[in-house]
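Data block for coords.csv (CSV, C-alpha atoms (C1' of nucleotides)):
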```
chain,number,residue,atom,x,y,z
A,16,MET,CA,117.2,15.1,64.3
A,17,PHE,CA,115.0,17.6,62.5
A,18,GLU,CA,115.0,15.7,59.2
A,19,SER,CA,113.4,12.7,60.9
A,20,TYR,CA,110.2,14.6,61.6
A,21,HIS,CA,110.1,15.5,57.9
A,22,GLN,CA,110.4,11.8,57.2
A,23,ILE,CA,107.6,10.8,59.6
A,24,LEU,CA,105.3,13.3,57.9
A,25,LYS,CA,106.2,12.0,54.4
A,26,ARG,CA,105.9,8.3,55.5
A,27,ASN,CA,102.4,9.1,56.7
A,28,ARG,CA,101.5,11.0,53.5
A,29,TYR,CA,101.3,14.3,55.1
A,30,LYS,CA,102.6,17.4,53.3
A,31,VAL,CA,105.7,19.2,54.7
A,32,THR,CA,104.4,22.7,54.8
A,33,PRO,CA,106.3,25.8,56.0
A,34,GLN,CA,103.8,26.1,58.8
A,35,ARG,CA,104.4,22.5,60.0
A,36,LYS,CA,108.1,23.0,59.8
A,37,ALA,CA,107.9,26.3,61.8
A,38,ILE,CA,105.8,24.6,64.5
A,39,LEU,CA,108.2,21.7,64.7
A,40,GLU,CA,111.1,24.1,64.9
A,41,VAL,CA,109.6,26.0,67.8
A,42,LEU,CA,109.0,22.7,69.6
A,43,ASP,CA,112.5,21.6,68.9
A,44,ASN,CA,113.9,24.8,70.3
A,45,THR,CA,111.9,24.6,73.5
A,46,ARG,CA,112.5,21.0,74.6
A,47,GLY,CA,111.8,20.6,78.2
A,48,MET,CA,109.2,23.4,78.1
A,49,HIS,CA,105.5,22.8,78.3
A,50,PHE,CA,103.7,25.3,76.1
A,51,THR,CA,100.0,25.9,75.4
A,52,ALA,CA,98.7,26.1,71.9
A,53,GLU,CA,98.6,29.9,72.2
A,54,GLU,CA,102.2,30.2,73.4
A,55,ILE,CA,103.3,28.1,70.5
A,56,TYR,CA,101.2,30.3,68.2
A,57,ASN,CA,102.9,33.4,69.5
A,58,GLN,CA,106.4,31.8,69.0
A,59,VAL,CA,105.6,30.7,65.5
A,60,LYS,CA,104.2,34.1,64.5
A,61,LYS,CA,107.7,35.6,65.0
A,62,THR,CA,108.9,33.7,61.9
A,63,ASN,CA,105.5,33.1,60.2
A,64,PRO,CA,103.4,36.2,60.9
A,65,GLN,CA,100.6,35.1,58.6
A,66,ILE,CA,100.0,31.8,60.4
A,67,GLY,CA,96.5,31.2,61.9
A,68,ILE,CA,95.9,29.7,65.3
A,69,ALA,CA,93.7,27.1,63.7
A,70,THR,CA,96.7,25.7,61.9
A,71,VAL,CA,98.6,25.6,65.2
A,72,TYR,CA,95.8,23.5,66.8
A,73,ARG,CA,95.5,21.3,63.7
A,74,THR,CA,99.2,20.7,63.5
A,75,LEU,CA,99.5,20.0,67.2
A,76,GLU,CA,96.7,17.4,67.0
A,77,LEU,CA,98.4,15.9,64.0
A,78,LEU,CA,101.7,15.7,65.8
A,79,VAL,CA,99.9,14.1,68.8
A,80,ARG,CA,98.4,11.5,66.5
A,81,LEU,CA,101.8,10.8,65.0
A,82,GLU,CA,103.2,10.5,68.6
A,83,ILE,CA,105.7,13.2,67.9
A,84,VAL,CA,104.2,15.5,70.5
A,85,TYR,CA,102.6,14.7,73.9
A,86,LYS,CA,99.6,16.7,75.1
A,87,SER,CA,98.8,16.9,78.7
A,88,SER,CA,96.4,18.7,81.0
A,89,PHE,CA,97.6,20.3,84.2
A,90,ASP,CA,94.1,21.3,85.3
A,91,GLU,CA,94.4,24.9,84.2
A,92,GLY,CA,91.6,24.7,81.6
A,93,ARG,CA,93.9,24.4,78.7
A,94,HIS,CA,96.4,21.9,77.3
A,95,ARG,CA,100.1,21.9,77.1
A,96,TYR,CA,102.3,20.3,74.4
A,97,GLU,CA,105.8,19.0,74.4
A,98,PHE,CA,108.0,16.8,72.3
A,99,TYR,CA,107.4,13.1,73.0
A,100,GLU,CA,110.8,11.7,73.9
A,101,GLY,CA,109.8,8.3,72.8
A,102,ASP,CA,110.1,6.0,75.8
A,103,ARG,CA,107.4,3.4,76.2
A,104,HIS,CA,106.3,5.2,79.3
A,105,PHE,CA,106.2,9.0,79.6
A,106,HIS,CA,108.2,10.8,82.1
A,107,HIS,CA,106.5,12.4,85.1
A,108,HIS,CA,105.8,16.0,85.9
A,109,PHE,CA,106.5,17.8,89.1
A,110,LEU,CA,104.4,21.0,89.6
A,111,CYS,CA,105.5,23.6,92.2
A,112,ASN,CA,102.6,24.9,94.1
A,113,LYS,CA,104.4,28.2,94.7
A,114,CYS,CA,106.2,29.3,91.6
A,115,GLY,CA,104.3,27.1,89.1
A,116,VAL,CA,107.4,25.6,87.5
A,117,ILE,CA,106.9,22.3,85.7
A,118,ILE,CA,109.9,20.0,86.2
A,119,GLU,CA,110.3,16.7,84.5
A,120,VAL,CA,111.0,13.6,86.6
A,121,GLU,CA,112.6,10.7,84.9
A,122,GLU,CA,112.6,8.1,87.6
A,123,ASP,CA,110.1,5.3,87.1
A,124,TYR,CA,109.1,3.4,90.2
A,125,LEU,CA,105.7,2.5,89.0
A,126,CYS,CA,106.6,-0.9,87.6
A,127,GLN,CA,105.8,-2.5,90.9
A,128,LEU,CA,102.3,-0.9,91.0
A,129,GLU,CA,101.8,-1.9,87.4
A,130,GLY,CA,102.9,-5.4,88.2
A,131,VAL,CA,100.2,-5.7,90.9
A,132,LEU,CA,97.5,-4.5,88.5
A,133,GLU,CA,98.6,-6.7,85.7
A,134,GLU,CA,98.4,-9.7,88.0
A,135,ARG,CA,94.8,-8.7,88.5
A,136,GLY,CA,94.1,-8.7,84.7
A,137,PHE,CA,94.7,-5.1,83.8
A,138,MET,CA,96.8,-4.3,80.8
A,139,ILE,CA,98.7,-1.0,81.4
A,140,SER,CA,99.8,0.8,78.3
A,141,ASN,CA,100.8,4.1,79.7
A,142,HIS,CA,100.6,6.3,82.7
A,143,ASN,CA,100.7,9.9,83.7
A,144,LEU,CA,101.9,11.0,87.1
A,145,ARG,CA,101.7,14.5,88.4
A,146,LEU,CA,103.4,15.4,91.6
A,147,TYR,CA,102.6,18.5,93.5
A,148,GLY,CA,104.6,20.3,96.2
A,149,LEU,CA,107.5,22.7,96.5
A,150,CYS,CA,110.4,22.7,94.1
A,151,PRO,CA,113.9,22.8,95.7
A,152,ALA,CA,114.1,26.5,95.2
A,153,CYS,CA,110.8,27.3,96.8
A,154,HIS,CA,111.4,24.8,99.6
A,155,ARG,CA,114.7,26.4,100.4
A,156,LYS,CA,113.1,29.9,100.5
A,157,GLU,CA,110.3,28.6,102.8
A,158,LYS,CA,113.0,27.3,105.2
A,159,HIS,CA,115.2,30.3,105.0
A,160,PRO,CA,113.1,33.3,104.1
A,161,GLU,CA,115.3,36.2,102.9
A,162,THR,CA,112.8,39.0,102.5
A,163,ARG,CA,109.5,40.2,104.0
B,20,MET,CA,78.8,11.5,108.4
B,21,PHE,CA,76.6,14.0,106.6
B,22,GLU,CA,76.4,16.3,109.6
B,23,SER,CA,80.1,16.8,109.4
B,24,TYR,CA,79.9,18.7,106.1
B,25,HIS,CA,77.3,20.9,107.7
B,26,GLN,CA,79.9,21.6,110.4
B,27,ILE,CA,82.7,22.3,108.0
B,28,LEU,CA,80.5,24.9,106.2
B,29,LYS,CA,79.5,26.6,109.4
B,30,ARG,CA,83.1,26.6,110.8
B,31,ASN,CA,84.1,28.4,107.6
B,32,ARG,CA,81.2,30.9,107.8
B,33,TYR,CA,79.4,29.6,104.8
B,34,LYS,CA,75.6,29.3,104.9
B,35,VAL,CA,74.0,25.9,104.8
B,36,THR,CA,71.6,26.3,101.9
B,37,PRO,CA,69.2,23.6,100.5
B,38,GLN,CA,71.2,23.7,97.3
B,39,ARG,CA,74.5,23.0,99.0
B,40,LYS,CA,72.8,20.2,101.0
B,41,ALA,CA,71.4,18.7,97.9
B,42,ILE,CA,74.7,18.7,96.1
B,43,LEU,CA,76.5,17.2,99.1
B,44,GLU,CA,73.8,14.5,99.2
B,45,VAL,CA,74.3,13.6,95.6
B,46,LEU,CA,78.1,13.4,96.0
B,47,ASP,CA,77.5,11.3,99.2
B,48,ASN,CA,75.2,8.9,97.3
B,49,THR,CA,77.7,8.4,94.5
B,50,ARG,CA,81.0,7.8,96.2
B,51,GLY,CA,83.4,6.0,93.9
B,52,MET,CA,81.9,7.8,90.9
B,53,HIS,CA,83.5,10.6,89.0
B,54,PHE,CA,80.9,13.0,87.8
B,55,THR,CA,81.1,16.1,85.7
B,56,ALA,CA,79.4,19.3,86.9
B,57,GLU,CA,76.7,18.8,84.4
B,58,GLU,CA,76.0,15.2,85.6
B,59,ILE,CA,75.8,16.4,89.1
B,60,TYR,CA,73.5,19.2,88.0
B,61,ASN,CA,71.2,16.6,86.4
B,62,GLN,CA,71.2,14.5,89.5
B,63,VAL,CA,70.4,17.5,91.8
B,64,LYS,CA,67.6,18.7,89.6
B,65,LYS,CA,65.7,15.6,90.5
B,66,THR,CA,65.2,16.8,94.0
B,67,ASN,CA,65.7,20.6,93.4
B,68,PRO,CA,64.3,21.3,90.0
B,69,GLN,CA,64.8,25.0,90.3
B,70,ILE,CA,68.6,24.9,90.8
B,71,GLY,CA,70.8,26.7,88.3
B,72,ILE,CA,73.9,25.2,86.9
B,73,ALA,CA,75.9,28.3,88.1
B,74,THR,CA,75.1,27.2,91.6
B,75,VAL,CA,76.4,23.8,91.0
B,76,TYR,CA,79.7,25.2,89.6
B,77,ARG,CA,80.0,27.6,92.5
B,78,THR,CA,79.3,25.0,95.1
B,79,LEU,CA,81.7,22.5,93.6
B,80,GLU,CA,84.4,25.2,93.6
B,81,LEU,CA,83.6,25.9,97.2
B,82,LEU,CA,83.8,22.3,98.2
B,83,VAL,CA,87.1,22.0,96.4
B,84,ARG,CA,88.5,24.9,98.3
B,85,LEU,CA,87.3,23.3,101.6
B,86,GLU,CA,89.0,20.1,100.5
B,87,ILE,CA,85.7,18.2,100.7
B,88,VAL,CA,85.7,17.4,97.0
B,89,TYR,CA,88.5,16.6,94.6
B,90,LYS,CA,88.5,17.9,91.1
B,91,SER,CA,90.4,16.2,88.4
B,92,SER,CA,90.9,16.4,84.6
B,93,PHE,CA,91.0,13.3,82.5
B,94,ASP,CA,91.7,15.2,79.3
B,95,GLU,CA,88.2,15.1,78.1
B,96,GLY,CA,87.8,18.9,78.0
B,97,ARG,CA,85.9,19.1,81.2
B,98,HIS,CA,86.4,18.3,84.9
B,99,ARG,CA,85.1,15.5,87.1
B,100,TYR,CA,84.4,15.8,90.8
B,101,GLU,CA,84.4,13.2,93.6
B,102,PHE,CA,84.4,13.2,97.4
B,103,TYR,CA,87.9,13.7,98.8
B,104,GLU,CA,88.5,10.7,101.0
B,105,GLY,CA,90.9,12.6,103.1
B,106,ASP,CA,94.1,10.5,103.0
B,107,ARG,CA,97.3,12.6,102.8
B,108,HIS,CA,97.7,11.2,99.3
B,109,PHE,CA,95.0,10.8,96.8
B,110,HIS,CA,94.2,7.4,95.3
B,111,HIS,CA,95.1,6.7,91.7
B,112,HIS,CA,92.9,6.3,88.6
B,113,PHE,CA,92.9,3.7,86.0
B,114,LEU,CA,91.2,4.6,82.7
B,115,CYS,CA,90.3,1.9,80.3
B,116,ASN,CA,91.1,2.9,76.7
B,117,LYS,CA,88.3,0.8,75.4
B,118,CYS,CA,85.2,1.1,77.6
B,119,GLY,CA,86.2,4.3,79.3
B,120,VAL,CA,85.6,3.0,82.8
B,121,ILE,CA,87.4,4.9,85.6
B,122,ILE,CA,88.6,2.5,88.3
B,123,GLU,CA,90.2,3.6,91.5
B,124,VAL,CA,93.5,2.1,92.5
B,125,GLU,CA,94.4,2.2,96.1
B,126,GLU,CA,98.0,0.9,96.1
B,127,ASP,CA,100.7,3.4,96.7
B,128,TYR,CA,104.1,2.5,95.5
B,129,LEU,CA,105.2,6.0,94.9
B,130,CYS,CA,106.8,6.5,98.3
B,131,GLN,CA,110.1,5.3,96.8
B,132,LEU,CA,110.0,7.9,94.0
B,133,GLU,CA,109.0,10.6,96.4
B,134,GLY,CA,111.8,9.6,98.7
B,135,VAL,CA,114.3,10.1,95.9
B,136,LEU,CA,112.8,13.5,95.1
B,137,GLU,CA,112.8,14.6,98.7
B,138,GLU,CA,116.5,13.8,99.0
B,139,ARG,CA,117.0,16.2,96.1
B,140,GLY,CA,115.2,19.0,98.0
B,141,PHE,CA,111.7,18.7,96.7
B,142,MET,CA,108.8,18.7,99.1
B,143,ILE,CA,106.0,16.5,97.8
B,144,SER,CA,102.6,17.3,99.1
B,145,ASN,CA,100.4,15.3,96.7
B,146,HIS,CA,100.4,13.4,93.5
B,147,ASN,CA,98.0,12.4,90.8
B,148,LEU,CA,98.5,9.3,88.8
B,149,ARG,CA,96.6,8.2,85.8
B,150,LEU,CA,97.1,4.8,84.3
B,151,TYR,CA,95.9,3.9,80.9
B,152,GLY,CA,95.3,0.6,79.2
B,153,LEU,CA,92.6,-2.1,79.2
B,154,CYS,CA,90.6,-3.0,82.3
B,155,PRO,CA,90.3,-6.7,83.1
B,156,ALA,CA,86.9,-7.0,81.3
B,157,CYS,CA,88.2,-5.5,78.1
B,158,HIS,CA,91.5,-7.3,78.3
B,159,ARG,CA,89.7,-10.6,78.6
B,160,LYS,CA,87.5,-9.7,75.6
B,161,GLU,CA,90.5,-8.8,73.5
B,162,LYS,CA,92.1,-12.2,74.3
B,163,HIS,CA,88.8,-14.2,73.8
B,164,PRO,CA,86.5,-12.3,71.4
B,165,GLU,CA,83.0,-13.6,71.7
B,166,THR,CA,81.1,-11.5,69.1
B,167,ARG,CA,81.6,-9.6,65.9
C,8,DA,C1',104.2,23.9,34.3
C,9,DC,C1',99.9,21.5,35.6
C,10,DC,C1',96.5,19.0,38.4
C,11,DT,C1',94.4,17.9,42.4
C,12,DA,C1',93.7,16.7,46.9
C,13,DA,C1',95.6,18.4,51.1
C,14,DT,C1',96.3,22.4,53.7
C,15,DT,C1',95.6,27.0,55.2
C,16,DG,C1',93.6,31.4,57.3
C,17,DA,C1',89.7,33.7,58.6
C,18,DT,C1',86.1,33.3,61.2
C,19,DA,C1',81.8,31.2,62.9
C,20,DA,C1',80.3,27.7,66.1
C,21,DT,C1',80.6,25.0,70.2
C,22,DA,C1',81.3,23.7,74.9
C,23,DA,C1',82.7,24.3,79.5
C,24,DT,C1',83.2,27.6,82.8
C,25,DT,C1',83.0,32.2,84.9
C,26,DA,C1',81.0,36.9,85.7
C,27,DT,C1',77.1,39.9,86.3
C,28,DC,C1',73.3,41.5,88.7
C,29,DA,C1',68.7,41.8,90.4
C,30,DT,C1',66.2,39.0,93.7
C,31,DT,C1',66.0,35.9,97.5
C,32,DT,C1',67.3,33.8,101.8
C,33,DG,C1',70.0,32.0,106.0
C,34,DC,C1',70.8,33.3,110.2
C,35,DA,C1',72.6,36.5,113.8
C,36,DA,C1',70.9,40.1,116.6
C,37,DT,C1',67.2,42.0,118.5
D,9,DA,C1',59.1,35.6,116.3
D,10,DT,C1',60.8,39.6,113.5
D,11,DT,C1',64.0,42.1,111.2
D,12,DG,C1',68.2,43.5,108.6
D,13,DC,C1',71.6,42.5,105.7
D,14,DA,C1',75.5,40.1,103.8
D,15,DA,C1',75.7,35.9,101.4
D,16,DA,C1',73.8,33.0,98.1
D,17,DT,C1',71.0,32.0,94.2
D,18,DG,C1',69.1,31.7,89.3
D,19,DA,C1',69.0,33.5,84.8
D,20,DT,C1',71.8,34.7,81.5
D,21,DA,C1',75.6,37.2,79.3
D,22,DA,C1',80.5,36.9,78.7
D,23,DT,C1',84.7,34.6,78.3
D,24,DT,C1',88.0,31.1,77.0
D,25,DA,C1',89.8,27.2,74.7
D,26,DT,C1',89.0,24.5,71.0
D,27,DT,C1',86.7,22.7,66.8
D,28,DA,C1',84.2,23.2,62.4
D,29,DT,C1',83.4,25.4,58.0
D,30,DC,C1',84.7,26.9,53.7
D,31,DA,C1',86.7,29.5,50.0
D,32,DA,C1',91.4,30.2,48.5
D,33,DT,C1',96.1,28.5,48.3
D,34,DT,C1',99.7,25.2,47.8
D,35,DA,C1',102.8,20.9,48.0
D,36,DG,C1',104.2,17.4,45.4
D,37,DG,C1',103.5,13.8,42.0
D,38,DT,C1',102.9,13.7,37.0
```
Is it possible to give me this structure as structure tokens?
Amino acid sequence: MFESYHQILKRNRYKVTPQRKAILEVLDNTRGMHFTAEEIYNQVKKTNPQIGIATVYRTLELLVRLEIVYKSSFDEGRHRYEFYEGDRHFHHHFLCNKCGVIIEVEEDYLCQLEGVLEERGFMISNHNLRLYGLCPACHRKEKHPETR
Amino acid sequence: MFESYHQILKRNRYKVTPQRKAILEVLDNTRGMHFTAEEIYNQVKKTNPQIGIATVYRTLELLVRLEIVYKSSFDEGRHRYEFYEGDRHFHHHFLCNKCGVIIEVEEDYLCQLEGVLEERGFMISNHNLRLYGLCPACHRKEKHPETR
DNA sequence: ACCTAATTGATAATAATTATCATTTGCAAT
DNA sequence: ATTGCAAATGATAATTATTATCAATTAGGT
């Protein structure tokens, strides 16, 4: 599981450096999270205190190019990175307006919409859906407020 | 149609300045377009050469707060703004990987997905879908290359 | 162990956006 | 119509995320 990333780097003639291994390890240990470059930098510094943030940015860009990592913008003025789980279509994101949690949504009901567009001559290669609202926890609290 | 924005500003105790009017006018004249703050600034300068870019940013933020304008990120490292057409759900965007055109997609087949999530306790208030691929023009060219 | 091109870390540069602040102005009250 | 003042503006400095530069280091083939 971890060796495979080693292989992908080698296959593409990239060197397997301790920095790259450390960044991949952080990403591997935080599957399901959506971290910014700076958050990843802070994690990696725990094991590699000498690492520079430029290396983190460079490595993340490399991993994005190799389609190991997915980069997305949630309109916060910075990007977030996560392991690319490798389906043809990326999963969706739900963002809670209240607590800010980002929850992954696996369902894919967009085929129908894509079908309509492809009939019209589009060629859809990927999509990115963001859903906004209240997550179950916040929605419950809104209906049954405990405090205040 | 234009007077109504005047009313929204007044109702919310914001002053109706020439700068705000000019920015609204540009947005009104470019419905369907997705402009960056700088592009809007350049447009507005044609009629209001003295305007500062800070005012453009401030006014756009104000219009976003008033839900007159929608702000979205297409992962280019800057934001784009457009009139909010006021449906409960925002329309979708198709982005051509080749020519970069942004085409609006009106179909809404997400109700089904949202239904599943609401059964699970989520409360969905909005969504934002980006589709990537080739627009009909580029897709045709790819199949029948004329030049090169 | 050596060679060399790739990689790194430090840091300068850039680009978009936000904050500051003195000046100006819309508009409500007179 | 005039005035007073909070709100808004323009110029520009500051900030923030990201990218570029470059000398020093290093992975990995020989």
Chain A superposed on chain B over all ordered C-alpha pairs, least squares: can you write that as a short mmCIF file (atom, residue, chain, number, x, y, z; two decimals) with C-alpha atoms, keeping the file's coordinate frame?
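What landed in out_34.cif:
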```cif
data_model
loop_
_atom_site.label_atom_id
_atom_site.label_comp_id
_atom_site.auth_asym_id
_atom_site.auth_seq_id
_atom_site.Cartn_x
_atom_site.Cartn_y
_atom_site.Cartn_z
CA MET A 16 78.71 11.15 108.07
CA PHE A 17 76.45 13.69 106.40
CA GLU A 18 76.22 15.96 109.46
CA SER A 19 79.99 16.48 109.37
CA TYR A 20 79.82 18.31 106.06
CA HIS A 21 77.19 20.59 107.62
CA GLN A 22 79.67 21.21 110.40
CA ILE A 23 82.58 22.00 108.06
CA LEU A 24 80.40 24.56 106.28
CA LYS A 25 79.32 26.18 109.59
CA ARG A 26 82.93 26.15 110.99
CA ASN A 27 83.99 28.03 107.88
CA ARG A 28 81.08 30.50 108.11
CA TYR A 29 79.36 29.28 105.09
CA LYS A 30 75.55 29.04 105.01
CA VAL A 31 73.92 25.57 104.83
CA THR A 32 71.59 26.11 101.97
CA PRO A 33 69.17 23.54 100.47
CA GLN A 34 71.17 23.71 97.28
CA ARG A 35 74.48 22.90 99.07
CA LYS A 36 72.85 20.10 100.93
CA ALA A 37 71.34 18.64 97.69
CA ILE A 38 74.75 18.78 95.97
CA LEU A 39 76.42 17.13 98.92
CA GLU A 40 73.74 14.48 98.97
CA VAL A 41 74.21 13.63 95.32
CA LEU A 42 77.96 13.35 95.91
CA ASP A 43 77.40 11.20 98.91
CA ASN A 44 75.17 8.88 96.96
CA THR A 45 77.62 8.46 94.12
CA ARG A 46 80.87 7.72 95.96
CA GLY A 47 83.30 6.07 93.72
CA MET A 48 81.81 7.83 90.67
CA HIS A 49 83.53 10.65 88.87
CA PHE A 50 80.93 13.12 87.65
CA THR A 51 81.22 16.36 85.66
CA ALA A 52 79.61 19.52 86.85
CA GLU A 53 76.79 18.98 84.35
CA GLU A 54 76.08 15.41 85.47
CA ILE A 55 75.89 16.60 89.01
CA TYR A 56 73.57 19.40 87.88
CA ASN A 57 71.27 16.93 86.21
CA GLN A 58 71.21 14.71 89.39
CA VAL A 59 70.49 17.63 91.64
CA LYS A 60 67.69 18.95 89.41
CA LYS A 61 65.70 15.75 90.16
CA THR A 62 65.21 16.96 93.76
CA ASN A 63 65.83 20.72 93.23
CA PRO A 64 64.38 21.56 89.81
CA GLN A 65 64.90 25.29 90.25
CA ILE A 66 68.65 25.01 90.85
CA GLY A 67 70.98 26.86 88.40
CA ILE A 68 74.14 25.38 86.99
CA ALA A 69 76.03 28.38 88.25
CA THR A 70 75.28 27.33 91.79
CA VAL A 71 76.52 23.82 90.99
CA TYR A 72 79.88 25.23 89.76
CA ARG A 73 80.09 27.64 92.71
CA THR A 74 79.33 24.97 95.23
CA LEU A 75 81.74 22.51 93.67
CA GLU A 76 84.56 25.10 93.79
CA LEU A 77 83.65 25.82 97.37
CA LEU A 78 83.75 22.17 98.26
CA VAL A 79 87.15 21.88 96.48
CA ARG A 80 88.46 24.77 98.54
CA LEU A 81 87.19 23.14 101.71
CA GLU A 82 88.89 19.85 100.57
CA ILE A 83 85.62 18.04 100.75
CA VAL A 84 85.62 17.33 97.04
CA TYR A 85 88.53 16.55 94.65
CA LYS A 86 88.49 17.90 91.10
CA SER A 87 90.46 16.26 88.45
CA SER A 88 90.98 16.49 84.71
CA PHE A 89 91.02 13.39 82.56
CA ASP A 90 91.87 15.30 79.39
CA GLU A 91 88.35 15.35 78.04
CA GLY A 92 87.99 19.16 78.12
CA ARG A 93 86.00 19.21 81.26
CA HIS A 94 86.49 18.42 84.95
CA ARG A 95 85.26 15.68 87.11
CA TYR A 96 84.44 15.83 90.85
CA GLU A 97 84.40 13.27 93.57
CA PHE A 98 84.37 13.12 97.32
CA TYR A 99 87.86 13.57 98.79
CA GLU A 100 88.41 10.53 100.98
CA GLY A 101 90.84 12.38 103.10
CA ASP A 102 94.15 10.54 102.89
CA ARG A 103 97.25 12.68 102.72
CA HIS A 104 97.78 11.40 99.24
CA PHE A 105 94.95 10.86 96.74
CA HIS A 106 94.23 7.56 95.32
CA HIS A 107 95.05 6.83 91.68
CA HIS A 108 92.83 6.46 88.68
CA PHE A 109 92.87 3.73 86.13
CA LEU A 110 91.23 4.68 82.77
CA CYS A 111 90.20 1.92 80.31
CA ASN A 112 91.05 2.84 76.83
CA LYS A 113 88.19 0.69 75.51
CA CYS A 114 85.14 1.10 77.65
CA GLY A 115 86.15 4.38 79.36
CA VAL A 116 85.56 3.14 82.90
CA ILE A 117 87.39 5.02 85.64
CA ILE A 118 88.56 2.64 88.38
CA GLU A 119 90.16 3.77 91.56
CA VAL A 120 93.52 2.27 92.58
CA GLU A 121 94.44 2.42 96.18
CA GLU A 122 97.92 1.03 96.17
CA ASP A 123 100.64 3.60 96.75
CA TYR A 124 104.09 2.66 95.53
CA LEU A 125 105.21 6.15 94.88
CA CYS A 126 106.90 6.71 98.22
CA GLN A 127 110.15 5.46 96.82
CA LEU A 128 110.00 7.93 93.87
CA GLU A 129 109.05 10.67 96.28
CA GLY A 130 111.92 9.71 98.52
CA VAL A 131 114.40 10.16 95.63
CA LEU A 132 113.01 13.61 94.82
CA GLU A 133 112.95 14.75 98.37
CA GLU A 134 116.60 13.81 98.71
CA ARG A 135 117.16 16.18 95.83
CA GLY A 136 115.38 19.08 97.65
CA PHE A 137 111.87 18.77 96.36
CA MET A 138 109.01 18.92 98.78
CA ILE A 139 106.13 16.69 97.52
CA SER A 140 102.73 17.56 98.85
CA ASN A 141 100.54 15.54 96.62
CA HIS A 142 100.44 13.58 93.45
CA ASN A 143 98.07 12.48 90.78
CA LEU A 144 98.62 9.31 88.81
CA ARG A 145 96.59 8.26 85.85
CA LEU A 146 97.03 4.85 84.40
CA TYR A 147 95.82 3.94 81.00
CA GLY A 148 95.20 0.50 79.46
CA LEU A 149 92.56 -2.20 79.46
CA CYS A 150 90.42 -2.96 82.46
CA PRO A 151 90.11 -6.68 83.40
CA ALA A 152 86.85 -6.94 81.60
CA CYS A 153 88.06 -5.47 78.36
CA HIS A 154 91.34 -7.39 78.56
CA ARG A 155 89.48 -10.63 78.97
CA LYS A 156 87.24 -9.85 75.93
CA GLU A 157 90.34 -8.96 73.82
CA LYS A 158 91.81 -12.39 74.70
CA HIS A 159 88.65 -14.32 74.24
CA PRO A 160 86.43 -12.47 71.81
CA GLU A 161 82.83 -13.76 71.99
CA THR A 162 81.16 -11.89 69.17
CA ARG A 163 82.00 -10.40 65.76
#
```
Show me, as a tab-separated table, the residues of chain B having an atom within 9 Å of chain C, each with the closest atom pair and its distance in Å, using only C-alpha atoms (C1' of nucleotides).
```
residue	atom	partner	partner_atom	distance
B:Lys34	CA	C:DG33	C1'	6.3
B:Val35	CA	C:DG33	C1'	7.4
B:Thr36	CA	C:DG33	C1'	7.2
B:Ala73	CA	C:DT25	C1'	8.7
B:Tyr76	CA	C:DT24	C1'	8.0
B:Gly96	CA	C:DA23	C1'	7.6
B:Arg97	CA	C:DA23	C1'	6.3
B:His98	CA	C:DA23	C1'	8.9
```
Go ahead and compute the interatomic distance for atom CA of A:Leu39 and atom CA of A:Thr70, in Å to one decimal.
->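 Atom CA of A:Leu39 sits 12.5 Å away from atom CA of A:Thr70.
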Kindly give the distance, in Å, that separates atom CA of B:Arg32 and atom C1' of D:DA14, rounded to a single decimal.
-> 11.5 Å
Which distance in Å separates atom CA of B:Asn147 and atom CA of A:Asp90, to one decimal?
->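 Answer for the atom CA of B:Asn147 to atom CA of A:Asp90 separation: 11.2 Å.
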